[in-house]
$ cat model25.pdb   # PDB, C-alpha atoms, pLDDT in the B column
ATOM      1  CA  MET J 260       0.000   0.000   0.000  1.00 85.00           C
ATOM      2  CA  LEU J 261       2.893   2.404   0.719  1.00 92.00           C
ATOM      3  CA  GLY J 262       4.271   1.759  -2.763  1.00 92.00           C
ATOM      4  CA  THR J 263       0.877   2.499  -4.296  1.00 93.00           C
ATOM      5  CA  PHE J 264       0.592   5.718  -2.267  1.00 96.00           C
ATOM      6  CA  LEU J 265       4.072   6.821  -3.325  1.00 97.00           C
ATOM      7  CA  PHE J 266       3.288   6.025  -6.967  1.00 95.00           C
ATOM      8  CA  GLY J 267       0.313   8.404  -6.856  1.00 96.00           C
ATOM      9  CA  ALA J 268       2.085  10.947  -4.653  1.00 97.00           C
ATOM     10  CA  ILE J 269       4.900  11.250  -7.176  1.00 98.00           C
ATOM     11  CA  GLY J 270       2.967  10.522 -10.363  1.00 95.00           C
ATOM     12  CA  TYR J 271       0.120  12.995 -10.018  1.00 96.00           C
ATOM     13  CA  PRO J 272       2.244  16.076  -9.229  1.00 97.00           C
ATOM     14  CA  ALA J 273       4.584  15.049 -12.064  1.00 97.00           C
ATOM     15  CA  LEU J 274       1.596  14.883 -14.422  1.00 93.00           C
ATOM     16  CA  GLU J 275       0.526  18.351 -13.272  1.00 94.00           C
ATOM     17  CA  LEU J 276       4.013  19.731 -13.809  1.00 97.00           C
ATOM     18  CA  LEU J 277       4.024  18.336 -17.344  1.00 96.00           C
ATOM     19  CA  THR J 278       0.561  19.647 -18.238  1.00 93.00           C
ATOM     20  CA  ARG J 279       0.223  22.870 -16.188  1.00 92.00           C
ATOM     21  CA  GLY J 280       3.805  23.750 -15.372  1.00 95.00           C
ATOM     22  CA  ARG J 281       3.052  23.953 -11.639  1.00 95.00           C
ATOM     23  CA  THR J 282       1.706  21.900  -8.759  1.00 96.00           C
ATOM     24  CA  HIS J 283       1.073  22.131  -5.007  1.00 96.00           C
ATOM     25  CA  TYR J 284       2.131  19.786  -2.203  1.00 95.00           C
ATOM     26  CA  SER J 285      -1.508  18.925  -1.552  1.00 95.00           C
ATOM     27  CA  MET J 286      -1.588  17.243  -4.977  1.00 96.00           C
ATOM     28  CA  ALA J 287       0.918  14.681  -3.708  1.00 97.00           C
ATOM     29  CA  LEU J 288      -1.481  13.804  -0.892  1.00 97.00           C
ATOM     30  CA  ALA J 289      -4.472  13.718  -3.238  1.00 97.00           C
ATOM     31  CA  GLY J 290      -2.561  11.646  -5.802  1.00 97.00           C
ATOM     32  CA  GLY J 291      -1.379   9.161  -3.192  1.00 97.00           C
ATOM     33  CA  ALA J 292      -4.837   8.789  -1.671  1.00 98.00           C
ATOM     34  CA  SER J 293      -6.367   8.392  -5.141  1.00 97.00           C
ATOM     35  CA  ALA J 294      -3.881   5.680  -6.129  1.00 96.00           C
ATOM     36  CA  VAL J 295      -4.622   3.745  -2.928  1.00 97.00           C
ATOM     37  CA  LEU J 296      -8.346   4.111  -3.611  1.00 97.00           C
ATOM     38  CA  ILE J 297      -7.945   2.768  -7.151  1.00 97.00           C
ATOM     39  CA  GLY J 298      -5.921  -0.153  -5.808  1.00 94.00           C
ATOM     40  CA  ARG J 299      -8.692  -0.970  -3.323  1.00 96.00           C
ATOM     41  CA  ILE J 300     -11.415  -0.667  -5.952  1.00 97.00           C
ATOM     42  CA  ARG J 301      -9.437  -3.010  -8.193  1.00 95.00           C
ATOM     43  CA  ALA J 302     -10.285  -5.805  -5.724  1.00 93.00           C
ATOM     44  CA  ILE J 303     -14.011  -5.432  -6.346  1.00 95.00           C
ATOM     45  CA  ARG J 304     -15.527  -8.009  -8.685  1.00 93.00           C
ATOM     46  CA  ALA J 305     -17.314  -5.732 -11.118  1.00 96.00           C
ATOM     47  CA  PRO J 306     -16.911  -4.744 -14.759  1.00 96.00           C
ATOM     48  CA  LEU J 307     -14.134  -2.273 -15.550  1.00 97.00           C
ATOM     49  CA  GLY J 308     -16.601   0.540 -16.282  1.00 97.00           C
ATOM     50  CA  ILE J 309     -18.272   0.203 -12.883  1.00 98.00           C
ATOM     51  CA  ARG J 310     -14.915   0.147 -11.088  1.00 98.00           C
ATOM     52  CA  ALA J 311     -13.759   3.193 -13.076  1.00 98.00           C
ATOM     53  CA  LEU J 312     -16.975   5.015 -12.172  1.00 98.00           C
ATOM     54  CA  MET J 313     -16.441   4.183  -8.496  1.00 98.00           C
ATOM     55  CA  SER J 314     -12.845   5.385  -8.726  1.00 98.00           C
ATOM     56  CA  ALA J 315     -13.850   8.629 -10.455  1.00 98.00           C
ATOM     57  CA  ALA J 316     -16.451   9.314  -7.766  1.00 98.00           C
ATOM     58  CA  GLY J 317     -13.908   8.648  -5.023  1.00 98.00           C
ATOM     59  CA  ILE J 318     -11.237  10.810  -6.648  1.00 98.00           C
ATOM     60  CA  THR J 319     -13.773  13.608  -7.098  1.00 98.00           C
ATOM     61  CA  GLY J 320     -14.526  13.330  -3.373  1.00 98.00           C
ATOM     62  CA  ILE J 321     -10.823  13.460  -2.528  1.00 98.00           C
ATOM     63  CA  GLU J 322     -10.433  16.493  -4.799  1.00 97.00           C
ATOM     64  CA  TYR J 323     -13.370  18.227  -3.114  1.00 98.00           C
ATOM     65  CA  ALA J 324     -11.997  17.524   0.375  1.00 97.00           C
ATOM     66  CA  CYS J 325      -8.529  18.777  -0.595  1.00 97.00           C
ATOM     67  CA  GLY J 326     -10.115  21.828  -2.183  1.00 96.00           C
ATOM     68  CA  CYS J 327     -12.059  22.660   0.965  1.00 97.00           C
ATOM     69  CA  ILE J 328      -8.826  22.431   2.986  1.00 96.00           C
ATOM     70  CA  TRP J 329      -6.100  23.888   0.713  1.00 96.00           C
ATOM     71  CA  ASN J 330      -7.930  25.646  -2.110  1.00 96.00           C
ATOM     72  CA  ARG J 331     -10.502  27.836  -0.397  1.00 94.00           C
ATOM     73  CA  GLU J 332      -9.264  30.928  -2.226  1.00 95.00           C
ATOM     74  CA  HIS J 333      -8.817  29.079  -5.552  1.00 95.00           C
ATOM     75  CA  ARG J 334      -5.053  29.551  -5.675  1.00 93.00           C
ATOM     76  CA  VAL J 335      -4.221  25.909  -6.420  1.00 93.00           C
ATOM     77  CA  TRP J 336      -6.947  25.323  -9.030  1.00 95.00           C
ATOM     78  CA  ASP J 337     -10.085  27.128 -10.067  1.00 96.00           C
ATOM     79  CA  TYR J 338     -13.027  25.387 -11.728  1.00 97.00           C
ATOM     80  CA  ARG J 339     -15.468  28.284 -11.222  1.00 98.00           C
ATOM     81  CA  ARG J 340     -15.643  28.860 -14.985  1.00 97.00           C
ATOM     82  CA  MET J 341     -16.018  25.171 -15.789  1.00 98.00           C
ATOM     83  CA  PRO J 342     -19.453  23.735 -16.521  1.00 97.00           C
ATOM     84  CA  LEU J 343     -21.288  21.921 -13.744  1.00 98.00           C
ATOM     85  CA  ASN J 344     -18.847  22.921 -10.995  1.00 98.00           C
ATOM     86  CA  CYS J 345     -19.393  22.869  -7.255  1.00 98.00           C
ATOM     87  CA  ARG J 346     -17.912  25.926  -5.504  1.00 97.00           C
ATOM     88  CA  GLY J 347     -15.097  25.915  -8.057  1.00 97.00           C
ATOM     89  CA  GLN J 348     -13.530  22.874  -6.363  1.00 97.00           C
ATOM     90  CA  ILE J 349     -14.853  20.049  -8.549  1.00 98.00           C
ATOM     91  CA  CYS J 350     -16.560  19.885 -11.928  1.00 98.00           C
ATOM     92  CA  LEU J 351     -18.046  17.307 -14.250  1.00 98.00           C
ATOM     93  CA  PRO J 352     -15.369  17.574 -16.998  1.00 98.00           C
ATOM     94  CA  TYR J 353     -12.615  16.695 -14.524  1.00 97.00           C
ATOM     95  CA  SER J 354     -14.701  13.886 -13.035  1.00 98.00           C
ATOM     96  CA  ALA J 355     -14.916  12.510 -16.593  1.00 98.00           C
ATOM     97  CA  LEU J 356     -11.134  12.816 -16.844  1.00 96.00           C
ATOM     98  CA  TRP J 357     -10.746  10.910 -13.545  1.00 97.00           C
ATOM     99  CA  PHE J 358     -13.024   8.211 -15.017  1.00 98.00           C
ATOM    100  CA  CYS J 359     -10.774   7.850 -18.081  1.00 98.00           C
ATOM    101  CA  LEU J 360      -7.541   7.866 -16.066  1.00 95.00           C
ATOM    102  CA  SER J 361      -9.022   5.368 -13.586  1.00 97.00           C
ATOM    103  CA  ALA J 362     -10.182   3.062 -16.370  1.00 98.00           C
ATOM    104  CA  GLY J 363      -6.707   3.121 -17.877  1.00 96.00           C
ATOM    105  CA  MET J 364      -5.014   2.497 -14.561  1.00 94.00           C
ATOM    106  CA  LEU J 365      -7.421  -0.310 -13.608  1.00 96.00           C
ATOM    107  CA  ALA J 366      -7.046  -1.960 -17.025  1.00 95.00           C
ATOM    108  CA  ALA J 367      -3.254  -1.734 -16.774  1.00 92.00           C
ATOM    109  CA  MET J 368      -3.312  -3.224 -13.280  1.00 89.00           C
ATOM    110  CA  ASP J 369      -5.633  -6.025 -14.411  1.00 91.00           C
ATOM    111  CA  ARG J 370      -3.345  -6.781 -17.352  1.00 91.00           C
ATOM    112  CA  LEU J 371      -0.177  -6.545 -15.273  1.00 88.00           C
ATOM    113  CA  TYR J 372      -1.425  -8.609 -12.342  1.00 84.00           C
ATOM    114  CA  GLY J 373      -4.181 -10.636 -14.026  1.00 81.00           C
ATOM    115  CA  GLN J 374      -7.891 -10.133 -13.510  1.00 69.00           C
ATOM    116  CA  SER J 375      -8.285 -13.297 -11.498  1.00 60.00           C
ATOM    117  CA  ASN J 376      -5.356 -12.266  -9.300  1.00 56.00           C
ATOM    118  CA  ARG J 377      -7.113  -9.278  -7.734  1.00 56.00           C
ATOM    119  CA  PRO J 378      -6.652  -8.807  -4.010  1.00 55.00           C
ATOM    120  CA  GLY J 379      -9.566 -10.435  -2.241  1.00 52.00           C
ATOM    121  CA  SER J 380     -10.276 -12.841  -5.140  1.00 50.00           C
TER     122      SER J 380
END

$ encode --input "model25.pdb" --output "structure tokens"
Amino acid sequence: MLGTFLFGAIGYPALELLTRGRTHYSMALAGGASAVLIGRIRAIRAPLGIRALMSAAGITGIEYACGCIWNREHRVWDYRRMPLNCRGQICLPYSALWFCLSAGMLAAMDRLYGQSNRPGS
């Protein structure tokens, strides 16, 4: 689990640096928590789409919680101009992105470790 957390804690801020040119330490915490969540959801016996939807919902919740703690003044990110946003902290387009990234990560994990070799199987 520590390895999974570190993967997300390093990977997500690195992805932000590549795409936005900046990041915030809170993104390491959010990325680590999200990676652990995806790893836990991987153990659920459900189709990939359902697991990706569960992951996207969980990541959106993590993003909202982090936003309420570290992004109250919208200095880390600002979704206020995005469609279907909630207080500028989360929005539907990014939840859709989390769905796609989760689906890719879950599919890669299933392929790497085998679908029948999920934790809890």

$ closest_residue --input "model25.pdb" --among "J:Arg340, J:Gly308, J:Gly291, J:Ile349" --to "Met260 (chain J)" --atoms "all atoms listed in the file"
J:Gly291

$ closest_atom_pairs --input "model25.pdb" --of "region 283-366 of chain J" --to "region 261-265 of chain J" --cutoff "10 Å" --atoms "all atoms listed in the file" --output "tab-separated table"
residue	atom	partner	partner_atom	distance
J:Ala287	CA	J:Leu265	CA	8.5
J:Leu288	CA	J:Phe264	CA	8.5
J:Ala289	CA	J:Phe264	CA	9.5
J:Gly290	CA	J:Phe264	CA	7.6
J:Gly291	CA	J:Phe264	CA	4.1
J:Ala292	CA	J:Phe264	CA	6.3
J:Ser293	CA	J:Phe264	CA	8.0
J:Ala294	CA	J:Phe264	CA	5.9
J:Val295	CA	J:Phe264	CA	5.6
J:Leu296	CA	J:Phe264	CA	9.2
J:Ile297	CA	J:Thr263	CA	9.3
J:Gly298	CA	J:Thr263	CA	7.5

$ resolve_selection --input "model25.pdb" --expression "the PyMOL selection byres ((chain J and resi 301) around 10)" --output "number ranges by chain"
J: 295-300, 302-305, 307, 310-311, 314, 361, 364-366, 368-369, 374, 377-379

$ resolve_selection --input "model25.pdb" --expression "the PyMOL selection byres ((chain J and resi 325) around 9)" --output "list in words"
Ser285, Met286, Leu288, Ala289, Gly320, Ile321, Glu322, Tyr323, Ala324, Gly326, Cys327, Ile328, Trp329, Asn330 and Gln348 of chain J

$ closest_residue --input "model25.pdb" --among "J:Ile309, J:Ala268, J:Leu276, J:Val335" --to "Cys359 (chain J)" --atoms "only C-alpha atoms"
J:Ile309

$ atom_distance --input "model25.pdb" --atom1 "CA of Asn344 (chain J)" --atom2 "CA of His283 (chain J)"
20.8 Å

$ atom_distance --input "model25.pdb" --atom1 "CA of Glu332 (chain J)" --atom2 "CA of Cys345 (chain J)"
13.9 Å

$ atom_distance --input "model25.pdb" --atom1 "CA of Phe266 (chain J)" --atom2 "CA of Arg279 (chain J)"
19.4 Å
